[in-house]
>>> print(open('query32.txt').read())   # compact mmCIF, C-alpha atoms
# COMPACT_ATOMS: atom_id res chain seq x y z
CA MET A 1 0.00 0.00 0.00
CA LEU A 2 2.90 2.32 0.83
CA GLY A 3 4.43 1.64 -2.58
CA LEU A 4 1.17 2.47 -4.33
CA ASN A 5 0.87 5.75 -2.42
CA LEU A 6 4.40 6.68 -3.49
CA ILE A 7 3.51 5.96 -7.13
CA HIS A 8 0.48 8.29 -6.90
CA LYS A 9 2.56 11.02 -5.24
CA PHE A 10 5.17 10.69 -7.98
CA LEU A 11 2.51 10.92 -10.71
CA ASN A 12 0.88 13.90 -8.99
CA LEU A 13 4.22 15.67 -9.19
CA VAL A 14 5.37 14.59 -12.66
CA ALA A 15 2.20 14.21 -14.76
CA PRO A 16 1.20 17.93 -15.02
CA PRO A 17 4.56 19.31 -16.28
CA PHE A 18 5.11 16.24 -18.48
CA THR A 19 1.69 16.76 -20.08
CA PHE A 20 2.28 20.49 -20.58
CA PHE A 21 5.64 20.10 -22.33
CA SER A 22 4.45 17.10 -24.34
CA LEU A 23 1.50 19.09 -25.65
CA CYS A 24 3.75 22.01 -26.54
CA LEU A 25 5.80 19.66 -28.73
CA PHE A 26 2.96 17.52 -30.05
CA LEU A 27 0.14 19.97 -30.83
CA PRO A 28 1.73 22.04 -33.66
CA PRO A 29 2.55 19.07 -35.95
CA PHE A 30 -0.67 17.28 -34.92
CA TYR A 31 -2.88 20.21 -35.92
CA LEU A 32 -0.90 20.68 -39.12
CA PHE A 33 -1.60 17.04 -39.95
CA LYS A 34 -5.28 17.45 -39.07
CA SER A 35 -5.50 20.48 -41.35
CA PHE A 36 -4.05 18.44 -44.19
CA LEU A 37 -6.58 15.67 -43.59
CA SER A 38 -9.39 18.25 -43.45
CA VAL A 39 -8.43 19.55 -46.89
CA LEU A 40 -8.37 16.02 -48.28
CA SER A 41 -11.74 15.14 -46.75
CA SER A 42 -13.26 18.30 -48.23
CA ILE A 43 -11.97 17.37 -51.67
CA PHE A 44 -13.07 13.74 -51.43
CA SER A 45 -16.35 14.33 -49.60
CA GLU A 46 -18.90 11.49 -49.54
CA ASN A 47 -21.55 11.44 -52.25
CA VAL A 48 -24.88 10.46 -50.62
CA ASN A 49 -26.81 10.17 -53.89
CA GLY A 50 -28.90 6.99 -53.66
CA LYS A 51 -27.81 6.21 -50.10
CA VAL A 52 -30.32 5.44 -47.33
CA ILE A 53 -30.55 8.00 -44.53
CA LEU A 54 -32.67 7.44 -41.41
CA ILE A 55 -33.58 10.63 -39.51
CA THR A 56 -35.46 10.61 -36.19
CA GLY A 57 -37.37 13.68 -35.02
CA ALA A 58 -37.91 14.66 -38.65
CA SER A 59 -41.29 16.37 -38.31
CA SER A 60 -39.83 19.79 -37.39
CA GLY A 61 -36.74 21.83 -36.64
CA ILE A 62 -33.25 20.57 -37.44
CA GLY A 63 -34.51 17.08 -38.33
CA GLU A 64 -36.93 18.48 -40.89
CA HIS A 65 -34.29 20.56 -42.62
CA LEU A 66 -31.76 17.73 -42.54
CA ALA A 67 -34.32 15.77 -44.55
CA TYR A 68 -34.48 18.57 -47.15
CA GLU A 69 -30.69 18.88 -47.31
CA TYR A 70 -30.15 15.16 -47.81
CA ALA A 71 -33.01 15.13 -50.35
CA LYS A 72 -31.32 17.83 -52.43
CA ARG A 73 -28.32 15.53 -52.69
CA GLY A 74 -30.40 12.63 -54.00
CA ALA A 75 -30.46 10.50 -50.85
CA ARG A 76 -33.25 8.03 -50.11
CA LEU A 77 -34.86 8.86 -46.77
CA VAL A 78 -36.52 7.24 -43.80
CA LEU A 79 -38.25 10.00 -41.83
CA VAL A 80 -39.37 9.24 -38.28
CA GLY A 81 -41.62 11.27 -35.98
CA ARG A 82 -44.56 11.09 -33.58
CA ARG A 83 -46.73 13.73 -35.27
CA GLU A 84 -47.75 11.98 -38.44
CA ASP A 85 -49.61 14.93 -39.98
CA SER A 86 -46.56 17.18 -39.73
CA LEU A 87 -44.28 14.34 -40.79
CA ARG A 88 -46.36 13.68 -43.91
CA GLU A 89 -45.86 17.31 -44.98
CA VAL A 90 -42.09 16.93 -44.56
CA VAL A 91 -42.16 13.73 -46.61
CA ASP A 92 -43.91 15.54 -49.46
CA ARG A 93 -41.46 18.46 -49.38
CA ALA A 94 -38.47 16.11 -49.26
CA SER A 95 -39.75 14.38 -52.37
CA ASP A 96 -40.09 17.77 -54.06
CA CYS A 97 -36.51 18.59 -53.05
CA GLY A 98 -35.21 15.63 -55.02
CA SER A 99 -35.28 12.49 -52.88
CA PRO A 100 -36.16 9.52 -55.13
CA ASP A 101 -37.79 7.51 -52.33
CA VAL A 102 -39.04 8.65 -48.91
CA LEU A 103 -40.34 6.20 -46.32
CA MET A 104 -42.45 7.67 -43.50
CA VAL A 105 -42.44 5.89 -40.13
CA GLY A 106 -44.64 7.12 -37.32
CA ALA A 107 -42.91 6.16 -34.08
CA ASP A 108 -41.92 7.26 -30.59
CA VAL A 109 -38.19 6.69 -30.02
CA SER A 110 -38.65 6.59 -26.25
CA LYS A 111 -40.19 3.11 -26.80
CA VAL A 112 -37.67 0.38 -27.51
CA GLU A 113 -40.13 -1.63 -29.60
CA ASP A 114 -40.71 1.40 -31.85
CA CYS A 115 -36.96 1.82 -32.36
CA LYS A 116 -36.64 -1.80 -33.46
CA ARG A 117 -39.59 -1.36 -35.82
CA ILE A 118 -38.01 1.77 -37.33
CA VAL A 119 -34.86 -0.13 -38.30
CA ASP A 120 -36.78 -3.22 -39.42
CA GLU A 121 -39.03 -1.17 -41.73
CA THR A 122 -35.97 0.58 -43.15
CA ILE A 123 -34.25 -2.69 -44.02
CA ASN A 124 -37.44 -4.28 -45.33
CA HIS A 125 -38.03 -1.33 -47.65
CA PHE A 126 -34.51 -0.41 -48.76
CA GLY A 127 -32.40 -3.44 -47.85
CA ARG A 128 -29.65 -1.29 -46.37
CA LEU A 129 -28.86 1.66 -44.08
CA ASP A 130 -26.03 4.14 -44.66
CA HIS A 131 -26.56 7.03 -42.23
CA LEU A 132 -28.41 6.99 -38.92
CA VAL A 133 -29.24 10.51 -37.73
CA ASN A 134 -30.26 10.52 -34.07
CA ASN A 135 -32.00 13.87 -33.86
CA ALA A 136 -35.18 13.38 -31.80
CA GLY A 137 -35.22 15.42 -28.61
CA ILE A 138 -37.29 17.49 -26.20
CA THR A 139 -36.36 20.22 -23.72
CA SER A 140 -37.30 20.47 -20.07
CA LEU A 141 -37.38 23.64 -18.04
CA GLY A 142 -37.52 24.27 -14.31
CA MET A 143 -35.46 24.18 -11.14
CA LEU A 144 -34.97 20.68 -9.75
CA GLU A 145 -36.28 21.67 -6.32
CA GLU A 146 -39.50 22.97 -7.90
CA ALA A 147 -40.39 19.59 -9.40
CA THR A 148 -43.49 18.23 -7.70
CA ASP A 149 -43.00 14.82 -9.34
CA ILE A 150 -39.38 14.06 -10.14
CA THR A 151 -40.42 11.18 -12.42
CA ASN A 152 -41.74 13.75 -14.91
CA PHE A 153 -38.13 14.13 -16.03
CA ARG A 154 -37.95 10.54 -17.28
CA ALA A 155 -39.36 11.63 -20.65
CA ILE A 156 -36.24 13.74 -21.25
CA MET A 157 -33.79 10.87 -20.79
CA ASP A 158 -36.11 8.39 -22.52
CA THR A 159 -36.30 10.52 -25.66
CA ASN A 160 -32.98 12.38 -25.78
CA PHE A 161 -30.67 9.61 -24.56
CA TRP A 162 -32.34 6.21 -24.68
CA GLY A 163 -34.14 6.97 -27.96
CA SER A 164 -30.75 7.41 -29.65
CA VAL A 165 -29.19 4.42 -27.90
CA TYR A 166 -32.08 2.07 -28.71
CA THR A 167 -32.11 3.00 -32.40
CA THR A 168 -28.32 2.77 -32.63
CA ARG A 169 -28.28 -0.71 -31.11
CA PHE A 170 -30.70 -2.10 -33.69
CA ALA A 171 -28.93 -0.31 -36.56
CA ILE A 172 -25.38 -1.48 -35.73
CA PRO A 173 -25.24 -4.65 -37.89
CA HIS A 174 -26.64 -2.82 -40.92
CA LEU A 175 -24.26 0.13 -40.49
CA ARG A 176 -21.31 -2.26 -40.15
CA SER A 177 -22.37 -3.94 -43.37
CA SER A 178 -22.49 -0.65 -45.28
CA LYS A 179 -19.54 0.94 -43.42
CA GLY A 180 -22.04 3.65 -42.58
CA LYS A 181 -22.17 6.64 -40.31
CA ILE A 182 -23.96 7.77 -37.18
CA VAL A 183 -24.89 11.39 -36.59
CA VAL A 184 -25.91 12.29 -33.05
CA LEU A 185 -27.44 15.62 -32.11
CA SER A 186 -26.03 16.47 -28.71
CA SER A 187 -25.87 20.16 -27.70
CA ALA A 188 -23.61 22.89 -26.39
CA ALA A 189 -25.74 22.38 -23.27
CA SER A 190 -23.69 19.21 -22.75
CA TRP A 191 -20.93 21.40 -21.31
CA LEU A 192 -22.78 24.59 -20.37
CA PRO A 193 -24.39 24.60 -16.88
CA ILE A 194 -27.49 26.53 -18.01
CA PRO A 195 -29.90 26.97 -15.06
CA ARG A 196 -33.41 25.49 -15.27
CA GLN A 197 -32.18 22.92 -17.81
CA SER A 198 -30.34 20.50 -15.52
CA ILE A 199 -31.95 17.28 -16.77
CA TYR A 200 -31.83 18.38 -20.42
CA ASN A 201 -28.15 19.32 -20.01
CA ALA A 202 -27.46 15.93 -18.43
CA SER A 203 -29.20 14.07 -21.27
CA LYS A 204 -27.05 15.84 -23.85
CA ALA A 205 -23.86 15.27 -21.85
CA ALA A 206 -24.77 11.58 -21.65
CA LEU A 207 -25.10 11.46 -25.45
CA LEU A 208 -21.69 13.08 -25.87
CA SER A 209 -19.99 10.59 -23.56
CA MET A 210 -21.89 7.60 -24.98
CA TYR A 211 -21.00 8.23 -28.61
CA GLU A 212 -17.38 9.13 -27.88
CA THR A 213 -17.12 5.71 -26.26
CA LEU A 214 -18.96 4.00 -29.15
CA ARG A 215 -16.52 5.63 -31.57
CA ILE A 216 -13.76 3.59 -29.92
CA GLU A 217 -15.85 0.42 -29.75
CA PHE A 218 -16.88 0.58 -33.42
CA GLY A 219 -13.46 1.52 -34.74
CA PRO A 220 -13.23 2.54 -38.42
CA ASN A 221 -16.23 0.41 -39.46
CA ILE A 222 -18.81 3.00 -38.35
CA GLN A 223 -17.90 6.69 -38.32
CA ILE A 224 -19.58 8.97 -35.77
CA THR A 225 -20.18 12.72 -36.05
CA ILE A 226 -21.24 14.40 -32.81
CA VAL A 227 -23.08 17.68 -33.38
CA THR A 228 -23.28 20.24 -30.56
CA PRO A 229 -25.55 23.07 -31.73
CA GLY A 230 -25.95 26.32 -29.89
CA TYR A 231 -29.27 28.13 -30.22
CA ILE A 232 -30.85 27.24 -33.57
CA GLU A 233 -34.32 28.23 -34.77
CA SER A 234 -36.69 25.36 -33.97
CA GLU A 235 -39.68 24.57 -31.80
CA LEU A 236 -37.32 24.53 -28.83
CA THR A 237 -36.23 28.12 -29.41
CA GLN A 238 -39.84 29.05 -30.16
CA GLY A 239 -40.52 28.28 -26.51
CA LYS A 240 -41.71 24.66 -26.42
CA PHE A 241 -40.75 23.05 -23.10
CA LEU A 242 -41.60 20.15 -20.83
CA MET A 243 -42.29 21.81 -17.49
CA SER A 244 -40.80 20.27 -14.34
CA ASP A 245 -43.72 21.12 -12.05
CA ASP A 246 -46.50 19.28 -13.92
CA GLY A 247 -44.77 17.29 -16.69
CA LYS A 248 -46.78 18.98 -19.48
CA MET A 249 -45.51 20.39 -22.76
CA ILE A 250 -46.14 24.12 -23.01
CA VAL A 251 -45.30 27.00 -25.32
CA ASP A 252 -44.11 30.05 -23.40
CA GLN A 253 -42.14 32.64 -25.34
CA ASP A 254 -41.52 34.84 -22.29
CA LEU A 255 -39.85 31.88 -20.60
CA ARG A 256 -37.93 31.25 -23.82
CA ASP A 257 -36.71 34.85 -23.75
CA ALA A 258 -35.42 34.35 -20.21
CA GLN A 259 -33.47 31.27 -21.31
CA VAL A 260 -32.09 32.37 -24.66
CA SER A 261 -31.72 36.04 -23.65
CA ALA A 262 -29.60 38.19 -25.98
CA THR A 263 -27.90 35.26 -27.69
CA PRO A 264 -28.02 35.25 -31.51
CA VAL A 265 -30.10 32.35 -32.82
CA GLY A 266 -28.76 30.52 -35.85
CA SER A 267 -30.58 29.65 -39.06
CA VAL A 268 -31.94 26.10 -39.17
CA GLU A 269 -31.30 25.85 -42.92
CA GLY A 270 -27.67 26.87 -42.46
CA CYS A 271 -27.30 24.47 -39.55
CA ALA A 272 -28.68 21.53 -41.55
CA LYS A 273 -26.39 22.26 -44.48
CA ALA A 274 -23.36 22.51 -42.18
CA ILE A 275 -24.26 19.18 -40.54
CA VAL A 276 -24.59 17.28 -43.81
CA ASN A 277 -21.37 18.80 -45.15
CA SER A 278 -19.60 17.82 -41.93
CA VAL A 279 -20.93 14.26 -42.01
CA CYS A 280 -19.93 13.83 -45.65
CA ARG A 281 -16.41 15.03 -44.80
CA GLY A 282 -16.26 12.50 -41.97
CA ASP A 283 -15.78 15.10 -39.23
CA ARG A 284 -15.74 13.85 -35.65
CA TYR A 285 -17.37 16.96 -34.16
CA LEU A 286 -19.35 19.96 -35.33
CA THR A 287 -20.50 22.98 -33.34
CA GLU A 288 -22.98 25.23 -35.12
CA PRO A 289 -22.90 28.23 -35.11
CA ALA A 290 -19.13 27.75 -35.05
CA TRP A 291 -18.52 30.71 -32.72
CA PHE A 292 -20.46 28.90 -29.98
CA GLY A 293 -17.44 26.64 -29.55
CA VAL A 294 -15.66 29.37 -27.60
CA THR A 295 -18.04 28.69 -24.71
CA TYR A 296 -16.24 25.37 -24.24
CA ILE A 297 -12.96 27.25 -23.79
CA TRP A 298 -14.57 29.40 -21.08
CA LYS A 299 -15.90 26.23 -19.45
CA VAL A 300 -12.45 24.61 -19.37
CA PHE A 301 -10.37 27.58 -18.27
CA CYS A 302 -12.81 29.77 -16.29
CA PRO A 303 -15.60 27.53 -14.94
CA GLU A 304 -16.14 29.69 -11.86
CA LEU A 305 -16.60 32.80 -13.99
CA LEU A 306 -19.08 30.99 -16.23
CA GLU A 307 -21.07 29.72 -13.24
CA TRP A 308 -21.09 33.16 -11.63
CA GLY A 309 -22.36 34.74 -14.85
CA TYR A 310 -25.19 32.23 -15.23
CA ARG A 311 -26.23 32.65 -11.62
CA LEU A 312 -26.21 36.43 -11.90
CA MET A 313 -28.20 36.51 -15.15
CA TYR A 314 -30.57 33.55 -14.85
CA VAL A 315 -31.31 32.73 -11.21
CA THR A 316 -34.03 34.76 -9.47
CA ARG A 317 -34.92 35.15 -5.82
CA PRO A 318 -36.91 32.30 -4.21
CA GLY A 319 -40.58 32.67 -5.09
CA SER A 320 -39.87 34.90 -8.10
CA SER A 321 -40.75 33.92 -11.65
CA ALA A 322 -38.02 33.03 -14.13
CA LYS A 323 -39.47 35.77 -16.31
CA GLU A 324 -38.10 38.32 -13.82
CA ALA A 325 -34.50 37.21 -14.44
CA PRO A 326 -31.98 39.83 -15.63
CA SER A 327 -31.53 37.75 -18.80
CA LYS A 328 -35.15 38.54 -19.75
CA LYS A 329 -34.99 42.20 -18.70
CA ILE A 330 -31.91 42.85 -20.83
CA LEU A 331 -33.70 41.46 -23.86
CA ASP A 332 -36.82 43.53 -23.18
CA TYR A 333 -35.07 46.83 -22.45
CA THR A 334 -32.71 46.68 -25.43
CA GLY A 335 -35.16 45.28 -27.99
CA ALA A 336 -32.38 42.94 -29.07
CA LYS A 337 -34.87 40.19 -29.87
CA ASN A 338 -35.88 41.99 -33.08
CA VAL A 339 -32.29 41.74 -34.28
CA LEU A 340 -31.00 38.49 -32.76
CA TYR A 341 -34.05 36.23 -33.26
CA PRO A 342 -35.24 35.04 -36.70
CA GLU A 343 -38.79 36.08 -37.57
CA ILE A 344 -40.14 32.55 -37.17
CA LEU A 345 -39.32 32.70 -33.45
CA GLN A 346 -41.79 35.55 -33.03
CA SER A 347 -44.71 33.23 -33.90
CA PRO A 348 -46.53 31.52 -31.03
CA GLU A 349 -48.09 28.91 -33.33
CA VAL A 350 -46.26 25.86 -32.03
CA LYS A 351 -47.95 22.53 -31.40
CA THR A 352 -47.66 21.25 -27.84
CA ASP A 353 -48.13 17.55 -28.61
>>> encode(input="query32.txt", output="structure tokens")
Amino acid sequence: MLGLNLIHKFLNLVAPPFTFFSLCLFLPPFYLFKSFLSVLSSIFSENVNGKVILITGASSGIGEHLAYEYAKRGARLVLVGRREDSLREVVDRASDCGSPDVLMVGADVSKVEDCKRIVDETINHFGRLDHLVNNAGITSLGMLEEATDITNFRAIMDTNFWGSVYTTRFAIPHLRSSKGKIVVLSSAASWLPIPRQSIYNASKAALLSMYETLRIEFGPNIQITIVTPGYIESELTQGKFLMSDDGKMIVDQDLRDAQVSATPVGSVEGCAKAIVNSVCRGDRYLTEPAWFGVTYIWKVFCPELLEWGYRLMYVTRPGSSAKEAPSKKILDYTGAKNVLYPEILQSPEVKTD
């Protein structure tokens, strides 16, 4: 035991400076090599014409526009969603965009039997699967201590995390056969400690860790692109949330304003195009908008400052509404919403199902 303690003391002393000087020597040539590979992958980007792409959560938001972007490139699509009326409209538009064959599958990815059926119907119809896009997700909002029934949060993990894991598990043999790719929509919330989103943040962090591990387990047979969007125009940024106090989906744009505050919201069309380009290049990670990646640097080097800022701007006094937070007041007083939010986010017409 004494010998083991001495080993740990030695490593505590030696590991930090060794790591620092090793990185100083290793990083410049490593990033030069990565830049060279990036140029090559851009030149020899994957052609998805005729390939089979399965997209969950395709009835709205990023999933919907990913369907259009893949369709423009001639891909055959499997579009999955719970709201079949909305999904049917997306199927029609994807066909108009150029997809030669679009299969619609009404399903709830939080149910393992539905996830198996999604993959089975894909293989029965197309005979193969090339890209699995795990996009389905919902957002929760509320302080943990305000939750009257903590089990209401299960829907977040069931959809955001387990929905992706279930579908991935059933798709693995088919993706190995085609040497396909997995795209997983995590979030910048996976590293940002945004108040009132604790369970949502945790679900996205779980996705990040899960698929980084799967990347090692799968090796080169199945490539994985992990996408960590910032604020992108969608139903989520239109104010659609699962509330922690009663477990119901609501649309509340004032509450949305308190959460998003004066942060520029990115275009969903631009985000979808960036994702498909990134996947075709074989990128390991993508943050969109790209500038949002600097928040990770703040998280790594100044976590206390980041936490202090969030607490100052987002957390209100006990008993006060979240709509009284400084983050909301700044947006209201400056009128920044008219500049920083796309016009679609001004519309309250969002379905709560």
>>> closest_residue(input="query32.txt", among="A:Ser209, A:Ser267, A:Thr122, A:Ser35", to="A:Thr167", atoms="all atoms listed in the file")
A:Thr122
>>> residues_around(input="query32.txt", residues="A:Tyr285", least_positions_apart="3", cutoff="10 Å", atoms="all atoms listed in the file", output="PyMOL selection string")
chain A and resi 183-184+224-228+275+278-279+282
>>> closest_atom_pairs(input="query32.txt", of="stretch 200-256 of chain A", to="stretch 176-179 of chain A", cutoff="8 Å", atoms="only C-alpha atoms", output="CSV")
residue,atom,partner,partner_atom,distance
A:Asn221,CA,A:Lys179,CA,5.2
A:Ile222,CA,A:Lys179,CA,5.5
A:Gln223,CA,A:Lys179,CA,7.9
>>> residues_around(input="query32.txt", residues="stretch 87-101 of chain A", least_positions_apart="4", cutoff="7 Å", atoms="only C-alpha atoms", output="list of chain:residue names")
A:Ala58, A:Ser59, A:Glu64, A:Ala67, A:Tyr68, A:Ala71, A:Lys72, A:Gly74, A:Ala75, A:Arg76, A:Leu77, A:Gly81, A:Arg83
>>> residues_around(input="query32.txt", residues="A:Ile62", least_positions_apart="4", cutoff="9 Å", atoms="all atoms listed in the file", output="list in words")
Gly57, Ala58, Leu66, Ala67, Asn135, Ile232, Glu233, Ser234, Val268, Glu269, Cys271 and Ala272 of chain A
>>> atom_distance(input="query32.txt", atom1="atom CA of A:Tyr166", atom2="atom CA of A:Pro289")
28.5 Å
>>> residues_near_point(input="query32.txt", point="(-39.6, 25.7, -6.0)", cutoff="12 Å", atoms="all atoms listed in the file", output="PyMOL selection string")
chain A and resi 142-149+196+244-245+316-322
>>> write_last_selection(input="query32.txt", atoms="C-alpha atoms", output="CSV table (one decimal), keeping the file's coordinate frame")
chain,number,residue,atom,x,y,z
A,142,GLY,CA,-37.5,24.3,-14.3
A,143,MET,CA,-35.5,24.2,-11.1
A,144,LEU,CA,-35.0,20.7,-9.8
A,145,GLU,CA,-36.3,21.7,-6.3
A,146,GLU,CA,-39.5,23.0,-7.9
A,147,ALA,CA,-40.4,19.6,-9.4
A,148,THR,CA,-43.5,18.2,-7.7
A,149,ASP,CA,-43.0,14.8,-9.3
A,196,ARG,CA,-33.4,25.5,-15.3
A,244,SER,CA,-40.8,20.3,-14.3
A,245,ASP,CA,-43.7,21.1,-12.0
A,316,THR,CA,-34.0,34.8,-9.5
A,317,ARG,CA,-34.9,35.2,-5.8
A,318,PRO,CA,-36.9,32.3,-4.2
A,319,GLY,CA,-40.6,32.7,-5.1
A,320,SER,CA,-39.9,34.9,-8.1
A,321,SER,CA,-40.8,33.9,-11.6
A,322,ALA,CA,-38.0,33.0,-14.1
>>> closest_residue(input="query32.txt", among="A:Pro195, A:Ile123, A:Leu13, A:Ile55", to="A:Glu69", atoms="only C-alpha atoms")
A:Ile55
>>> closest_residue(input="query32.txt", among="A:Gly219, A:Pro193, A:Val105, A:Thr295", to="A:His125", atoms="only C-alpha atoms")
A:Val105
>>> atom_distance(input="query32.txt", atom1="atom CA of A:Phe301", atom2="atom CA of A:Trp191")
12.6 Å
>>> residues_around(input="query32.txt", residues="A:Glu343", least_positions_apart="2", cutoff="12 Å", atoms="all atoms listed in the file", output="PyMOL selection string")
chain A and resi 233-234+237-238+265-267+337-341+345-348
>>> closest_residue(input="query32.txt", among="A:Glu212, A:Asp108, A:Asp252, A:Asp130", to="A:Ile172", atoms="all atoms listed in the file")
A:Asp130
>>> closest_residue(input="query32.txt", among="A:Cys280, A:Val260, A:Val300, A:Leu255", to="A:Lys323", atoms="all atoms listed in the file")
A:Leu255
>>> atom_distance(input="query32.txt", atom1="atom CA of A:Ser187", atom2="atom CA of A:Leu132")
17.5 Å
